[in-house]
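Here the structure comes first, spelled out in structure tokens, and everything after it is commentary.
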Amino acid sequence: MEDAGLRTWVDQMGNVHGRVEGANANAEALLVGSHMDTVVDAGKFDGALGIVSAISALKVMHVNGKLQNLTRPVEVIAFCDEEGVRFQTTFLGSGALAGILPATTLEIPDKRNVTVKDVLKENSIEAAEEMFLQLKYDPKSVWGYVELHIEQGPVLEQVGFPLGVVKGIAGQTRLKVTVRGSQGHAGTVPMSMRQDPMVAAAEQIVLMESLCKHPEEYLSYDGRCSGSSIKSLSSSLVCTVGEISTWPSASNVIPGQVTYTVDIRAIDDLGREAVIYDLSNRIYQICDKRSVSCVIEHKHDAGAVICDPELSSQLKSAAYSALKRMEGDIQDEVPTLMSGAGHDAMAMSHLTKVGMLFVRCRGGISHSPQEDVLDDDVWAAGLATLSFLENL
Ligand code: HGY
Ligand code: MN
Ligand code: MN
Ligand code: MN
């Protein structure tokens, strides 16, 4: 970031910042960036591409002596812990700047040099509140937040367009379900006498899949969300069990405990809440039927976000001018699309208006080493970022 002419620092949460004041240091700042952490066994572009595009565009301006033309301060932020893989929460870095505490107590899997050890290790909310409040940005000092990100979905590839403007981001909930039964000898306990949490969890997970494929067959109108909202759910409702662990995890022991994660997303917040309410009841019913117990922890919740129309139209013109610079005239309109994936922009929307620009990614594959982009699309993304900054 320094060789792009930026003043740099790392904050207490572990976010990396690079800032240039531009022509008017008192103006509200544009924040631009994405996350530097990844999921396990990830690709190379999720998060990183947004950070590198922002730094590269500023570096071009710096090399051409144009940073002083920026009409307002611009701050690049590489957020930590957007994926929520390490502490079982998410948006820890961007949430700190936006002043939103993690939804629940943080699970710290290992006590070794935790990045924010003074706060998270004791897991004391008072200390976390103290630190989060120190990090929180003053909304009056921020003009907006823009994030460039790979689409992580198939739409841009289907429509044959390198860039797209994000209309909104689906809401998301993370649950942790712990099912407890009676641990026993695999060879001696008759099937009719088992209280096996593994089979209960398996039944719950299969149920989850069919409920999320056909919500209208499961959810009844209960005043919480309208019939139309339940109908519209199936277009965006997705549910994933990504992690499962069992204790004592030995092939000849009927498990005593099984724990699994649930990740539920939908564009409609009321619909998502109705799904979680109904699903929770069905999880408990399966436990009763199988004489096992369970605890459902609500680990994280982020409501759906609508991107700011003004920022979005500026991003659309920036994408348009980038593609014109590359290909001469372009016929089609820059597409707009929803994001099923979550982004730091969800946390930053609690602080300021947000806009996002998507870059096509091969096969829509992400959260996998197969994640890939076309060089020309990355070039277009960089040019679009540059054009956005030049027309701030
Ligand atoms: O899970 C997500 O949607 C994002 O990759 N954090
Ligand atoms: Mn991700
Ligand atoms: Mn991401
Ligand atoms: Mn034995």
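To be explicit about the labels: the chains of the structure tokens are called A, B, and onward in the order shown, and within each one the residues are counted from 1, while ligands get numbers from 1 in the order they are shown.
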Mind checking which residues fall within 12 Å of Val60 in chain A, counting only C-alpha atoms, ignoring those fewer than 6 positions away in the same chain, and posting them as a list of chain:residue names? A:Met1, A:Asp3, A:Ala4, A:Gly5, A:Ser53, A:Ala54, A:Lys66, A:Leu67, A:Gly382, A:Leu383, A:Thr385, A:Leu386, A:Ser387, A:Leu389, A:Glu390
Can you pull out every residue within 8 Å of Tyr284 in chain A, counting only C-alpha atoms, but drop anything in the same chain fewer than 3 positions away, and send it as a PDB file with all heavy atoms, in the first residue's frame?
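Saved the output as around-v2.pdb:
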ATOM      1  N   SER A 280     -36.342 -25.177  13.583  1.00  0.00           N
ATOM      2  CA  SER A 280     -35.956 -25.439  14.982  1.00  0.00           C
ATOM      3  C   SER A 280     -36.978 -26.371  15.633  1.00  0.00           C
ATOM      4  O   SER A 280     -36.620 -27.356  16.286  1.00  0.00           O
ATOM      5  CB  SER A 280     -35.863 -24.133  15.772  1.00  0.00           C
ATOM      6  OG  SER A 280     -34.979 -23.258  15.123  1.00  0.00           O
ATOM      7  N   ASN A 281     -38.273 -26.061  15.404  1.00  0.00           N
ATOM      8  CA  ASN A 281     -39.312 -26.934  15.994  1.00  0.00           C
ATOM      9  C   ASN A 281     -39.162 -28.367  15.505  1.00  0.00           C
ATOM     10  O   ASN A 281     -39.264 -29.321  16.271  1.00  0.00           O
ATOM     11  CB  ASN A 281     -40.716 -26.406  15.630  1.00  0.00           C
ATOM     12  CG  ASN A 281     -41.023 -25.121  16.407  1.00  0.00           C
ATOM     13  OD1 ASN A 281     -40.429 -24.902  17.471  1.00  0.00           O
ATOM     14  ND2 ASN A 281     -41.868 -24.274  15.863  1.00  0.00           N
ATOM     15  N   CYS A 287     -35.704 -34.886  17.958  1.00  0.00           N
ATOM     16  CA  CYS A 287     -34.981 -35.259  19.195  1.00  0.00           C
ATOM     17  C   CYS A 287     -35.931 -35.964  20.163  1.00  0.00           C
ATOM     18  O   CYS A 287     -35.609 -37.012  20.723  1.00  0.00           O
ATOM     19  CB  CYS A 287     -34.383 -34.014  19.844  1.00  0.00           C
ATOM     20  SG  CYS A 287     -32.957 -33.381  18.936  1.00  0.00           S
ATOM     21  N   ASP A 288     -37.119 -35.392  20.316  1.00  0.00           N
ATOM     22  CA  ASP A 288     -38.094 -36.041  21.230  1.00  0.00           C
ATOM     23  C   ASP A 288     -38.387 -37.463  20.784  1.00  0.00           C
ATOM     24  O   ASP A 288     -38.353 -38.409  21.568  1.00  0.00           O
ATOM     25  CB  ASP A 288     -39.414 -35.241  21.250  1.00  0.00           C
ATOM     26  CG  ASP A 288     -39.226 -33.872  21.903  1.00  0.00           C
ATOM     27  OD1 ASP A 288     -38.147 -33.687  22.525  1.00  0.00           O
ATOM     28  OD2 ASP A 288     -40.096 -32.988  21.766  1.00  0.00           O
ATOM     29  N   SER A 293     -31.355 -35.266  23.291  1.00  0.00           N
ATOM     30  CA  SER A 293     -31.611 -33.846  23.571  1.00  0.00           C
ATOM     31  C   SER A 293     -30.806 -33.004  22.596  1.00  0.00           C
ATOM     32  O   SER A 293     -29.889 -33.501  21.944  1.00  0.00           O
ATOM     33  CB  SER A 293     -31.161 -33.525  24.996  1.00  0.00           C
ATOM     34  OG  SER A 293     -29.748 -33.648  25.033  1.00  0.00           O
ATOM     35  N   CYS A 294     -31.198 -31.739  22.481  1.00  0.00           N
ATOM     36  CA  CYS A 294     -30.350 -30.898  21.619  1.00  0.00           C
ATOM     37  C   CYS A 294     -30.444 -29.440  22.038  1.00  0.00           C
ATOM     38  O   CYS A 294     -31.392 -29.000  22.667  1.00  0.00           O
ATOM     39  CB  CYS A 294     -30.690 -31.112  20.162  1.00  0.00           C
ATOM     40  SG  CYS A 294     -31.845 -30.011  19.457  1.00  0.00           S
TER      41      CYS A 294
END
Identify which of the residues A:Ser251, A:Ser312, A:Thr240, A:Thr173 lies closest to Arg272 in chain A, counting only C-alpha atoms when measuring atom-to-atom distances.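 Checking each candidate against Arg272 in chain A, we get A:Thr173 as the closest.
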So that I can see what lies close to Ile283 in chain A, please list as number ranges by chain the residues with an atom at most 9 Å from it, counting only C-alpha atoms and leaving out residues fewer than 5 positions away in the same chain. A: 200-201, 203-204, 207-208, 278, 288, 294, 296
Would you mind exporting the chosen residues as a PDB file, in the first residue's frame, restricted to all heavy atoms?
ATOM      1  N   ALA A 200     -30.052 -39.131  14.677  1.00  0.00           N
ATOM      2  CA  ALA A 200     -30.980 -37.986  14.839  1.00  0.00           C
ATOM      3  C   ALA A 200     -30.491 -36.810  14.001  1.00  0.00           C
ATOM      4  O   ALA A 200     -31.248 -36.196  13.250  1.00  0.00           O
ATOM      5  CB  ALA A 200     -31.046 -37.593  16.316  1.00  0.00           C
ATOM      6  N   ALA A 201     -29.188 -36.543  14.080  1.00  0.00           N
ATOM      7  CA  ALA A 201     -28.619 -35.417  13.299  1.00  0.00           C
ATOM      8  C   ALA A 201     -28.794 -35.678  11.808  1.00  0.00           C
ATOM      9  O   ALA A 201     -29.157 -34.778  11.042  1.00  0.00           O
ATOM     10  CB  ALA A 201     -27.141 -35.247  13.657  1.00  0.00           C
ATOM     11  N   GLU A 203     -31.119 -37.404  10.318  1.00  0.00           N
ATOM     12  CA  GLU A 203     -32.536 -37.179   9.945  1.00  0.00           C
ATOM     13  C   GLU A 203     -32.831 -35.680   9.866  1.00  0.00           C
ATOM     14  O   GLU A 203     -33.508 -35.196   8.955  1.00  0.00           O
ATOM     15  CB  GLU A 203     -33.441 -37.847  10.979  1.00  0.00           C
ATOM     16  CG  GLU A 203     -34.928 -37.783  10.617  1.00  0.00           C
ATOM     17  CD  GLU A 203     -35.834 -38.497  11.620  1.00  0.00           C
ATOM     18  OE1 GLU A 203     -35.319 -39.248  12.495  1.00  0.00           O
ATOM     19  OE2 GLU A 203     -37.050 -38.276  11.535  1.00  0.00           O
ATOM     20  N   GLN A 204     -32.255 -34.911  10.805  1.00  0.00           N
ATOM     21  CA  GLN A 204     -32.484 -33.452  10.812  1.00  0.00           C
ATOM     22  C   GLN A 204     -31.887 -32.815   9.554  1.00  0.00           C
ATOM     23  O   GLN A 204     -32.498 -31.944   8.930  1.00  0.00           O
ATOM     24  CB  GLN A 204     -31.847 -32.840  12.076  1.00  0.00           C
ATOM     25  CG  GLN A 204     -32.579 -33.221  13.353  1.00  0.00           C
ATOM     26  CD  GLN A 204     -31.726 -33.061  14.608  1.00  0.00           C
ATOM     27  OE1 GLN A 204     -30.551 -32.704  14.542  1.00  0.00           O
ATOM     28  NE2 GLN A 204     -32.309 -33.356  15.754  1.00  0.00           N
ATOM     29  N   LEU A 207     -33.948 -33.602   6.522  1.00  0.00           N
ATOM     30  CA  LEU A 207     -35.182 -32.800   6.579  1.00  0.00           C
ATOM     31  C   LEU A 207     -34.915 -31.359   6.136  1.00  0.00           C
ATOM     32  O   LEU A 207     -35.665 -30.772   5.355  1.00  0.00           O
ATOM     33  CB  LEU A 207     -35.723 -32.788   8.021  1.00  0.00           C
ATOM     34  CG  LEU A 207     -36.769 -31.673   8.229  1.00  0.00           C
ATOM     35  CD1 LEU A 207     -38.158 -32.215   8.057  1.00  0.00           C
ATOM     36  CD2 LEU A 207     -36.573 -30.962   9.533  1.00  0.00           C
ATOM     37  N   MET A 208     -33.772 -30.831   6.610  1.00  0.00           N
ATOM     38  CA  MET A 208     -33.411 -29.442   6.284  1.00  0.00           C
ATOM     39  C   MET A 208     -33.371 -29.245   4.768  1.00  0.00           C
ATOM     40  O   MET A 208     -33.858 -28.270   4.224  1.00  0.00           O
ATOM     41  CB  MET A 208     -32.014 -29.167   6.844  1.00  0.00           C
ATOM     42  CG  MET A 208     -31.884 -27.991   7.739  1.00  0.00           C
ATOM     43  SD  MET A 208     -30.232 -27.988   8.393  1.00  0.00           S
ATOM     44  CE  MET A 208     -30.491 -28.859   9.929  1.00  0.00           C
ATOM     45  N   ASP A 278     -39.483 -22.636  12.055  1.00  0.00           N
ATOM     46  CA  ASP A 278     -40.113 -23.934  11.744  1.00  0.00           C
ATOM     47  C   ASP A 278     -39.094 -25.069  11.823  1.00  0.00           C
ATOM     48  O   ASP A 278     -39.337 -26.121  12.397  1.00  0.00           O
ATOM     49  CB  ASP A 278     -40.701 -23.854  10.324  1.00  0.00           C
ATOM     50  CG  ASP A 278     -41.582 -25.037  10.014  1.00  0.00           C
ATOM     51  OD1 ASP A 278     -42.755 -25.026  10.431  1.00  0.00           O
ATOM     52  OD2 ASP A 278     -41.057 -25.993   9.439  1.00  0.00           O
ATOM     53  N   ASP A 288     -37.119 -35.392  20.316  1.00  0.00           N
ATOM     54  CA  ASP A 288     -38.094 -36.041  21.230  1.00  0.00           C
ATOM     55  C   ASP A 288     -38.387 -37.463  20.784  1.00  0.00           C
ATOM     56  O   ASP A 288     -38.353 -38.409  21.568  1.00  0.00           O
ATOM     57  CB  ASP A 288     -39.414 -35.241  21.250  1.00  0.00           C
ATOM     58  CG  ASP A 288     -39.226 -33.872  21.903  1.00  0.00           C
ATOM     59  OD1 ASP A 288     -38.147 -33.687  22.525  1.00  0.00           O
ATOM     60  OD2 ASP A 288     -40.096 -32.988  21.766  1.00  0.00           O
ATOM     61  N   CYS A 294     -31.198 -31.739  22.481  1.00  0.00           N
ATOM     62  CA  CYS A 294     -30.350 -30.898  21.619  1.00  0.00           C
ATOM     63  C   CYS A 294     -30.444 -29.440  22.038  1.00  0.00           C
ATOM     64  O   CYS A 294     -31.392 -29.000  22.667  1.00  0.00           O
ATOM     65  CB  CYS A 294     -30.690 -31.112  20.162  1.00  0.00           C
ATOM     66  SG  CYS A 294     -31.845 -30.011  19.457  1.00  0.00           S
ATOM     67  N   ILE A 296     -29.835 -25.607  20.252  1.00  0.00           N
ATOM     68  CA  ILE A 296     -29.621 -24.875  18.994  1.00  0.00           C
ATOM     69  C   ILE A 296     -29.099 -23.485  19.354  1.00  0.00           C
ATOM     70  O   ILE A 296     -29.783 -22.703  20.012  1.00  0.00           O
ATOM     71  CB  ILE A 296     -30.932 -24.731  18.190  1.00  0.00           C
ATOM     72  CG1 ILE A 296     -31.521 -26.114  17.878  1.00  0.00           C
ATOM     73  CG2 ILE A 296     -30.688 -23.943  16.898  1.00  0.00           C
ATOM     74  CD1 ILE A 296     -32.859 -26.071  17.162  1.00  0.00           C
TER      75      ILE A 296
END
Compare A:Gly171, A:Val177, A:Tyr277, A:Trp379 by their minimum atom-to-atom distance to Tyr218 in chain A, counting only C-alpha atoms, and give me the closest one.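 The answer is A:Tyr277, which sits nearest to Tyr218 in chain A.
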Any residue with an atom at most 7 Å from ligand 1 counts, using only C-alpha atoms and all ligand atoms. Which are they? Put them as a ChimeraX atom specification. /A:82-83,340-343
Return as a list in words every polymer residue, whether protein, DNA or RNA, with at least one atom no more than 9 Å from an atom of ligand 3; count only C-alpha atoms and all ligand atoms.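 The distance check yields Ser34, His35, Met36, Asp37, Thr38, Phe45, Asp46, Gly47, Ala48, Glu82, Glu83, His149, Ile150, Gln152, Ala341, Gly342, His343, Asp344 and His367 of chain A.
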